[in-house]
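Following: one structure in structure tokens, then a few remarks.
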Amino acid sequence: MRLTKQEHACFIVEEDGQKLVIDPGSYTTPLLGVDGVIAVVITHEHADHWTPDQLKAILDHNQDVAIYGPPGVVAAVGDDFTVHAVHEGDEVTVGPFTLKFFGSKHAVIHSSIPVIDNTGVLINDRIYYAGDSFTIPPVKVDTLAVPAGAPWLKISEVIDYVAAVKPTRAFPTHEMVLSVAGRKLSDARIAHATEFGGGTYHPLEPGDTLEL
């Protein structure tokens, strides 16, 4: 299984020549000409995690793509695309991918901002991404996508999250809101937390891959 990092919250997982796209949003370079895609997971409705243009680019190049997201995503997408609603505790198999969903709400940004639906995903019992939340699944996590920067987090919360999950390996996501200096700071803190728990940190840049 191969994981390829894209900008911000997006990454692509490939198994047996088939691909799963996670959170193709507005801070990610348009996914033009990506073939072999059989499914897309959208953790929540914010534009940095999905856009109509990104979905259209994927669907124009691939047939019969299954799209999954929580009810808030289904409502946001409307009639433009077919999105299968998923909830905490659901399990879906599509091609070589088994998807298990955890969590139900986005992390609080501010008391004045409504809390929306957000559901994280565990892929083939190996890769876990919580979307915009710190939801911890009740399973051992092999590879953890760690948010590096966002309006809804402090680096102390990120460190506590990694320390609680204790992944075997971790890589950064949600990093496009950071400056170069801010990214280096986050990488250093996440690396320390990962290594303290016995894991390995991989500071992936867009286009970098992990073989799992």
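Chain identifiers are assigned as A, B, and so on, following the order in which chains appear in the structure tokens; residues are numbered from 1 within each chain, and ligands are numbered from 1 in order of appearance.
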
Quiz prompt | For Pro30 of chain A: contacts at 12 Å, only C-alpha atoms, fewer than 6 positions along chain excluded, given as a PyMOL selection string | solution = chain A and resi 6-7+10+23-24+50-58

Any chance you can output those residues with N, CA, C and O atoms as a short mmCIF file (atom, residue, chain, number, x, y, z; two decimals), in the first residue's frame?
data_model
loop_
_atom_site.label_atom_id
_atom_site.label_comp_id
_atom_site.auth_asym_id
_atom_site.auth_seq_id
_atom_site.Cartn_x
_atom_site.Cartn_y
_atom_site.Cartn_z
N GLN A 6 -0.42 15.01 -0.74
CA GLN A 6 -0.73 16.17 -1.57
C GLN A 6 -0.70 17.40 -0.67
O GLN A 6 -0.46 17.31 0.53
N GLU A 7 -0.94 18.58 -1.23
CA GLU A 7 -0.96 19.77 -0.38
C GLU A 7 -2.11 19.71 0.62
O GLU A 7 -3.17 19.16 0.34
N CYS A 10 -5.07 16.80 1.79
CA CYS A 10 -5.31 15.76 0.80
C CYS A 10 -4.15 14.76 0.74
O CYS A 10 -2.98 15.15 0.77
N ASP A 23 -9.98 14.04 1.09
CA ASP A 23 -10.12 15.49 1.27
C ASP A 23 -9.42 16.33 0.19
O ASP A 23 -8.49 17.11 0.48
N PRO A 24 -9.89 16.25 -1.07
CA PRO A 24 -9.33 17.09 -2.14
C PRO A 24 -9.96 18.49 -2.11
O PRO A 24 -11.05 18.72 -2.64
N TRP A 50 -12.75 19.97 0.42
CA TRP A 50 -13.37 19.53 -0.84
C TRP A 50 -13.84 20.76 -1.61
O TRP A 50 -14.16 21.80 -1.03
N THR A 51 -13.85 20.64 -2.93
CA THR A 51 -14.46 21.65 -3.79
C THR A 51 -15.16 20.94 -4.94
O THR A 51 -14.76 19.83 -5.33
N PRO A 52 -16.18 21.55 -5.52
CA PRO A 52 -16.81 20.96 -6.69
C PRO A 52 -15.83 20.73 -7.84
O PRO A 52 -15.90 19.71 -8.53
N ASP A 53 -14.91 21.67 -8.03
CA ASP A 53 -13.94 21.53 -9.12
C ASP A 53 -13.05 20.32 -8.93
O ASP A 53 -12.72 19.61 -9.90
N GLN A 54 -12.61 20.08 -7.69
CA GLN A 54 -11.77 18.91 -7.43
C GLN A 54 -12.54 17.62 -7.70
O GLN A 54 -12.02 16.69 -8.33
N LEU A 55 -13.77 17.54 -7.22
CA LEU A 55 -14.56 16.34 -7.46
C LEU A 55 -14.82 16.14 -8.95
O LEU A 55 -14.74 15.02 -9.46
N LYS A 56 -15.13 17.22 -9.65
CA LYS A 56 -15.39 17.11 -11.08
C LYS A 56 -14.15 16.61 -11.83
O LYS A 56 -14.25 15.76 -12.73
N ALA A 57 -12.97 17.12 -11.45
CA ALA A 57 -11.74 16.69 -12.11
C ALA A 57 -11.51 15.20 -11.90
O ALA A 57 -11.07 14.49 -12.82
N ILE A 58 -11.80 14.72 -10.69
CA ILE A 58 -11.64 13.28 -10.41
C ILE A 58 -12.65 12.46 -11.19
O ILE A 58 -12.31 11.46 -11.83
#

Exercise. Within segment 68-169 of chain A, find each residue whose DSSP state, derived from the backbone, is strand (DSSP E or B), and express the selection as number ranges by chain.
Key: A: 68-69, 84-85, 91-94, 97-102, 105, 117, 120-123, 127-129, 143-147, 169

Skipping near chain neighbours, those fewer than 5 positions away, what residues fall within 12 Å of Met1 of chain A using only C-alpha atoms, listed as a PDB file with N, CA, C and O atoms, in the first residue's frame?
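See around_8.pdb below for the written result:
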ATOM      1  N   ILE A  12      -3.410  10.568  -1.157  1.00  0.00           N
ATOM      2  CA  ILE A  12      -3.928   9.494  -1.999  1.00  0.00           C
ATOM      3  C   ILE A  12      -3.322   8.176  -1.539  1.00  0.00           C
ATOM      4  O   ILE A  12      -2.112   8.080  -1.335  1.00  0.00           O
ATOM      5  N   VAL A  13      -4.170   7.175  -1.368  1.00  0.00           N
ATOM      6  CA  VAL A  13      -3.717   5.843  -0.977  1.00  0.00           C
ATOM      7  C   VAL A  13      -3.948   4.907  -2.164  1.00  0.00           C
ATOM      8  O   VAL A  13      -5.034   4.899  -2.759  1.00  0.00           O
ATOM      9  N   GLU A  14      -2.923   4.131  -2.494  1.00  0.00           N
ATOM     10  CA  GLU A  14      -3.008   3.201  -3.623  1.00  0.00           C
ATOM     11  C   GLU A  14      -2.762   1.779  -3.162  1.00  0.00           C
ATOM     12  O   GLU A  14      -1.825   1.513  -2.402  1.00  0.00           O
ATOM     13  N   GLU A  15      -3.617   0.873  -3.617  1.00  0.00           N
ATOM     14  CA  GLU A  15      -3.503  -0.548  -3.299  1.00  0.00           C
ATOM     15  C   GLU A  15      -3.965  -1.329  -4.529  1.00  0.00           C
ATOM     16  O   GLU A  15      -5.052  -1.081  -5.068  1.00  0.00           O
ATOM     17  N   ASP A  16      -3.150  -2.246  -4.984  1.00  0.00           N
ATOM     18  CA  ASP A  16      -3.493  -3.088  -6.140  1.00  0.00           C
ATOM     19  C   ASP A  16      -3.894  -2.257  -7.355  1.00  0.00           C
ATOM     20  O   ASP A  16      -4.825  -2.603  -8.096  1.00  0.00           O
ATOM     21  N   GLY A  17      -3.217  -1.130  -7.544  1.00  0.00           N
ATOM     22  CA  GLY A  17      -3.482  -0.287  -8.704  1.00  0.00           C
ATOM     23  C   GLY A  17      -4.712   0.576  -8.604  1.00  0.00           C
ATOM     24  O   GLY A  17      -5.051   1.302  -9.555  1.00  0.00           O
ATOM     25  N   GLN A  18      -5.428   0.534  -7.488  1.00  0.00           N
ATOM     26  CA  GLN A  18      -6.630   1.343  -7.294  1.00  0.00           C
ATOM     27  C   GLN A  18      -6.360   2.394  -6.220  1.00  0.00           C
ATOM     28  O   GLN A  18      -5.597   2.164  -5.285  1.00  0.00           O
ATOM     29  N   LYS A  19      -7.024   3.548  -6.368  1.00  0.00           N
ATOM     30  CA  LYS A  19      -6.688   4.700  -5.530  1.00  0.00           C
ATOM     31  C   LYS A  19      -7.889   5.224  -4.751  1.00  0.00           C
ATOM     32  O   LYS A  19      -9.025   5.218  -5.235  1.00  0.00           O
ATOM     33  N   LEU A  20      -7.582   5.686  -3.544  1.00  0.00           N
ATOM     34  CA  LEU A  20      -8.532   6.334  -2.652  1.00  0.00           C
ATOM     35  C   LEU A  20      -8.014   7.742  -2.396  1.00  0.00           C
ATOM     36  O   LEU A  20      -6.862   7.920  -1.997  1.00  0.00           O
ATOM     37  N   PRO A  96     -10.133  -2.592  -2.845  1.00  0.00           N
ATOM     38  CA  PRO A  96      -9.218  -3.151  -1.857  1.00  0.00           C
ATOM     39  C   PRO A  96      -9.186  -2.380  -0.540  1.00  0.00           C
ATOM     40  O   PRO A  96      -8.358  -2.657   0.328  1.00  0.00           O
ATOM     41  N   PHE A  97     -10.097  -1.413  -0.382  1.00  0.00           N
ATOM     42  CA  PHE A  97     -10.058  -0.542   0.796  1.00  0.00           C
ATOM     43  C   PHE A  97     -11.211  -0.848   1.765  1.00  0.00           C
ATOM     44  O   PHE A  97     -12.377  -0.866   1.371  1.00  0.00           O
ATOM     45  N   ILE A 123      -8.139   3.579   7.308  1.00  0.00           N
ATOM     46  CA  ILE A 123      -8.033   2.915   6.007  1.00  0.00           C
ATOM     47  C   ILE A 123      -7.260   1.607   6.156  1.00  0.00           C
ATOM     48  O   ILE A 123      -6.084   1.618   6.563  1.00  0.00           O
ATOM     49  N   ASN A 124      -7.916   0.499   5.852  1.00  0.00           N
ATOM     50  CA  ASN A 124      -7.287  -0.835   5.903  1.00  0.00           C
ATOM     51  C   ASN A 124      -6.608  -1.115   7.239  1.00  0.00           C
ATOM     52  O   ASN A 124      -5.576  -1.798   7.295  1.00  0.00           O
ATOM     53  N   ASP A 125      -7.186  -0.568   8.298  1.00  0.00           N
ATOM     54  CA  ASP A 125      -6.643  -0.749   9.651  1.00  0.00           C
ATOM     55  C   ASP A 125      -5.197  -0.281   9.767  1.00  0.00           C
ATOM     56  O   ASP A 125      -4.467  -0.708  10.678  1.00  0.00           O
ATOM     57  N   ARG A 126      -4.769   0.605   8.856  1.00  0.00           N
ATOM     58  CA  ARG A 126      -3.370   1.040   8.844  1.00  0.00           C
ATOM     59  C   ARG A 126      -3.217   2.556   8.968  1.00  0.00           C
ATOM     60  O   ARG A 126      -2.392   3.033   9.749  1.00  0.00           O
ATOM     61  N   ILE A 127      -3.976   3.294   8.178  1.00  0.00           N
ATOM     62  CA  ILE A 127      -3.815   4.754   8.096  1.00  0.00           C
ATOM     63  C   ILE A 127      -5.034   5.417   8.733  1.00  0.00           C
ATOM     64  O   ILE A 127      -6.174   5.130   8.349  1.00  0.00           O
ATOM     65  N   THR A 143      -0.272   4.285  11.080  1.00  0.00           N
ATOM     66  CA  THR A 143       0.168   5.518  10.438  1.00  0.00           C
ATOM     67  C   THR A 143      -0.866   6.604  10.679  1.00  0.00           C
ATOM     68  O   THR A 143      -2.031   6.459  10.308  1.00  0.00           O
ATOM     69  N   THR A 209       6.063  10.017  -0.925  1.00  0.00           N
ATOM     70  CA  THR A 209       5.284   8.792  -0.688  1.00  0.00           C
ATOM     71  C   THR A 209       5.798   8.030   0.525  1.00  0.00           C
ATOM     72  O   THR A 209       6.956   8.171   0.925  1.00  0.00           O
ATOM     73  N   LEU A 210       4.903   7.220   1.063  1.00  0.00           N
ATOM     74  CA  LEU A 210       5.243   6.243   2.093  1.00  0.00           C
ATOM     75  C   LEU A 210       4.788   4.872   1.603  1.00  0.00           C
ATOM     76  O   LEU A 210       3.635   4.722   1.165  1.00  0.00           O
ATOM     77  N   GLU A 211       5.660   3.886   1.669  1.00  0.00           N
ATOM     78  CA  GLU A 211       5.285   2.526   1.340  1.00  0.00           C
ATOM     79  C   GLU A 211       4.940   1.815   2.648  1.00  0.00           C
ATOM     80  O   GLU A 211       5.751   1.749   3.564  1.00  0.00           O
ATOM     81  N   LEU A 212       3.720   1.305   2.742  1.00  0.00           N
ATOM     82  CA  LEU A 212       3.237   0.712   3.988  1.00  0.00           C
ATOM     83  C   LEU A 212       2.987  -0.779   3.810  1.00  0.00           C
ATOM     84  O   LEU A 212       2.625  -1.229   2.734  1.00  0.00           O
TER      85      LEU A 212
END

Quiz item: Pick from A:Leu31, A:Ser104, A:Ala76, A:Asp48: nearest to His61 of chain A, with only C-alpha atoms counted?
Solution: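 Looking only at the distances to His61 of chain A, the closest residue turns out to be A:Leu31.
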
Self-check item: For segment 80-88 of chain A: contacts at 6 Å, only C-alpha atoms, fewer than 2 positions along chain excluded, given as a PyMOL selection string
Solution: chain A and resi 67-71+74+78+90+101-104

Exercise. Using DSSP on the backbone, list every residue of chain A that comes out as alpha helix (DSSP H), and give them as a ChimeraX atom specification.
Key: /A:52-61,71-77,155-165,180-196

Could you write out the selected residues, including C-alpha atoms, as a compact mmCIF listing (two decimals), in the first residue's frame?
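What follows is the written file out.txt:
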# COMPACT_ATOMS: atom_id res chain seq x y z
CA PRO A 52 -16.81 20.96 -6.69
CA ASP A 53 -13.94 21.53 -9.12
CA GLN A 54 -11.77 18.91 -7.43
CA LEU A 55 -14.56 16.34 -7.46
CA LYS A 56 -15.39 17.11 -11.08
CA ALA A 57 -11.74 16.69 -12.11
CA ILE A 58 -11.64 13.28 -10.41
CA LEU A 59 -14.97 12.12 -11.83
CA ASP A 60 -14.15 13.34 -15.35
CA HIS A 61 -11.12 11.03 -15.37
CA PRO A 71 -24.37 14.14 6.66
CA GLY A 72 -23.04 17.70 6.63
CA VAL A 73 -21.07 16.94 3.48
CA VAL A 74 -24.11 15.33 1.84
CA ALA A 75 -26.10 18.51 2.52
CA ALA A 76 -23.31 20.83 1.35
CA VAL A 77 -22.77 18.95 -1.90
CA ILE A 155 0.51 22.91 19.09
CA SER A 156 0.15 21.69 22.69
CA GLU A 157 -3.08 19.94 21.65
CA VAL A 158 -1.32 18.34 18.70
CA ILE A 159 1.45 17.06 20.95
CA ASP A 160 -1.08 15.63 23.41
CA TYR A 161 -2.97 14.01 20.53
CA VAL A 162 0.11 12.28 19.14
CA ALA A 163 1.15 11.21 22.63
CA ALA A 164 -2.28 9.67 23.23
CA VAL A 165 -2.44 7.82 19.88
CA VAL A 180 7.90 27.98 6.27
CA ALA A 181 9.09 28.83 9.79
CA GLY A 182 5.79 27.69 11.28
CA ARG A 183 5.96 24.38 9.43
CA LYS A 184 9.48 23.74 10.76
CA LEU A 185 8.28 24.44 14.30
CA SER A 186 5.31 22.09 13.96
CA ASP A 187 7.44 19.37 12.37
CA ALA A 188 9.90 19.51 15.25
CA ARG A 189 7.18 19.27 17.90
CA ILE A 190 5.27 16.48 16.13
CA ALA A 191 8.50 14.56 15.51
CA HIS A 192 9.43 14.74 19.19
CA ALA A 193 5.97 13.57 20.31
CA THR A 194 5.97 10.72 17.79
CA GLU A 195 9.47 9.55 18.68
CA PHE A 196 8.76 9.82 22.42

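Each of A:Pro114, A:Gly199, A:Gly89, A:Gly36 was checked against Val141 of chain A using only C-alpha atoms; the smallest atom-to-atom distance is that of A:Gly199.
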
Quiz prompt | Distance criterion (only C-alpha atoms): nearest to Val121 of chain A out of A:Lys140, A:His106, A:Lys100, A:Lys154 | solution =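 Comparing A:Lys140, A:His106, A:Lys100, A:Lys154 against Val121 of chain A, the winner is A:Lys100.
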
Quiz item: Neighbours of Ile109 of chain A within 12 Å (only C-alpha atoms; same-chain residues fewer than 5 positions away dropped), as a VMD selection string?
Solution: chain A and resid 114 to 116 132 to 133 150 to 154

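Residue nearest Gly149 of chain A within the list A:Ala39, A:His44, A:Ala9, A:Pro206: A:Ala9 [criterion: smallest interatomic distance, only C-alpha atoms].
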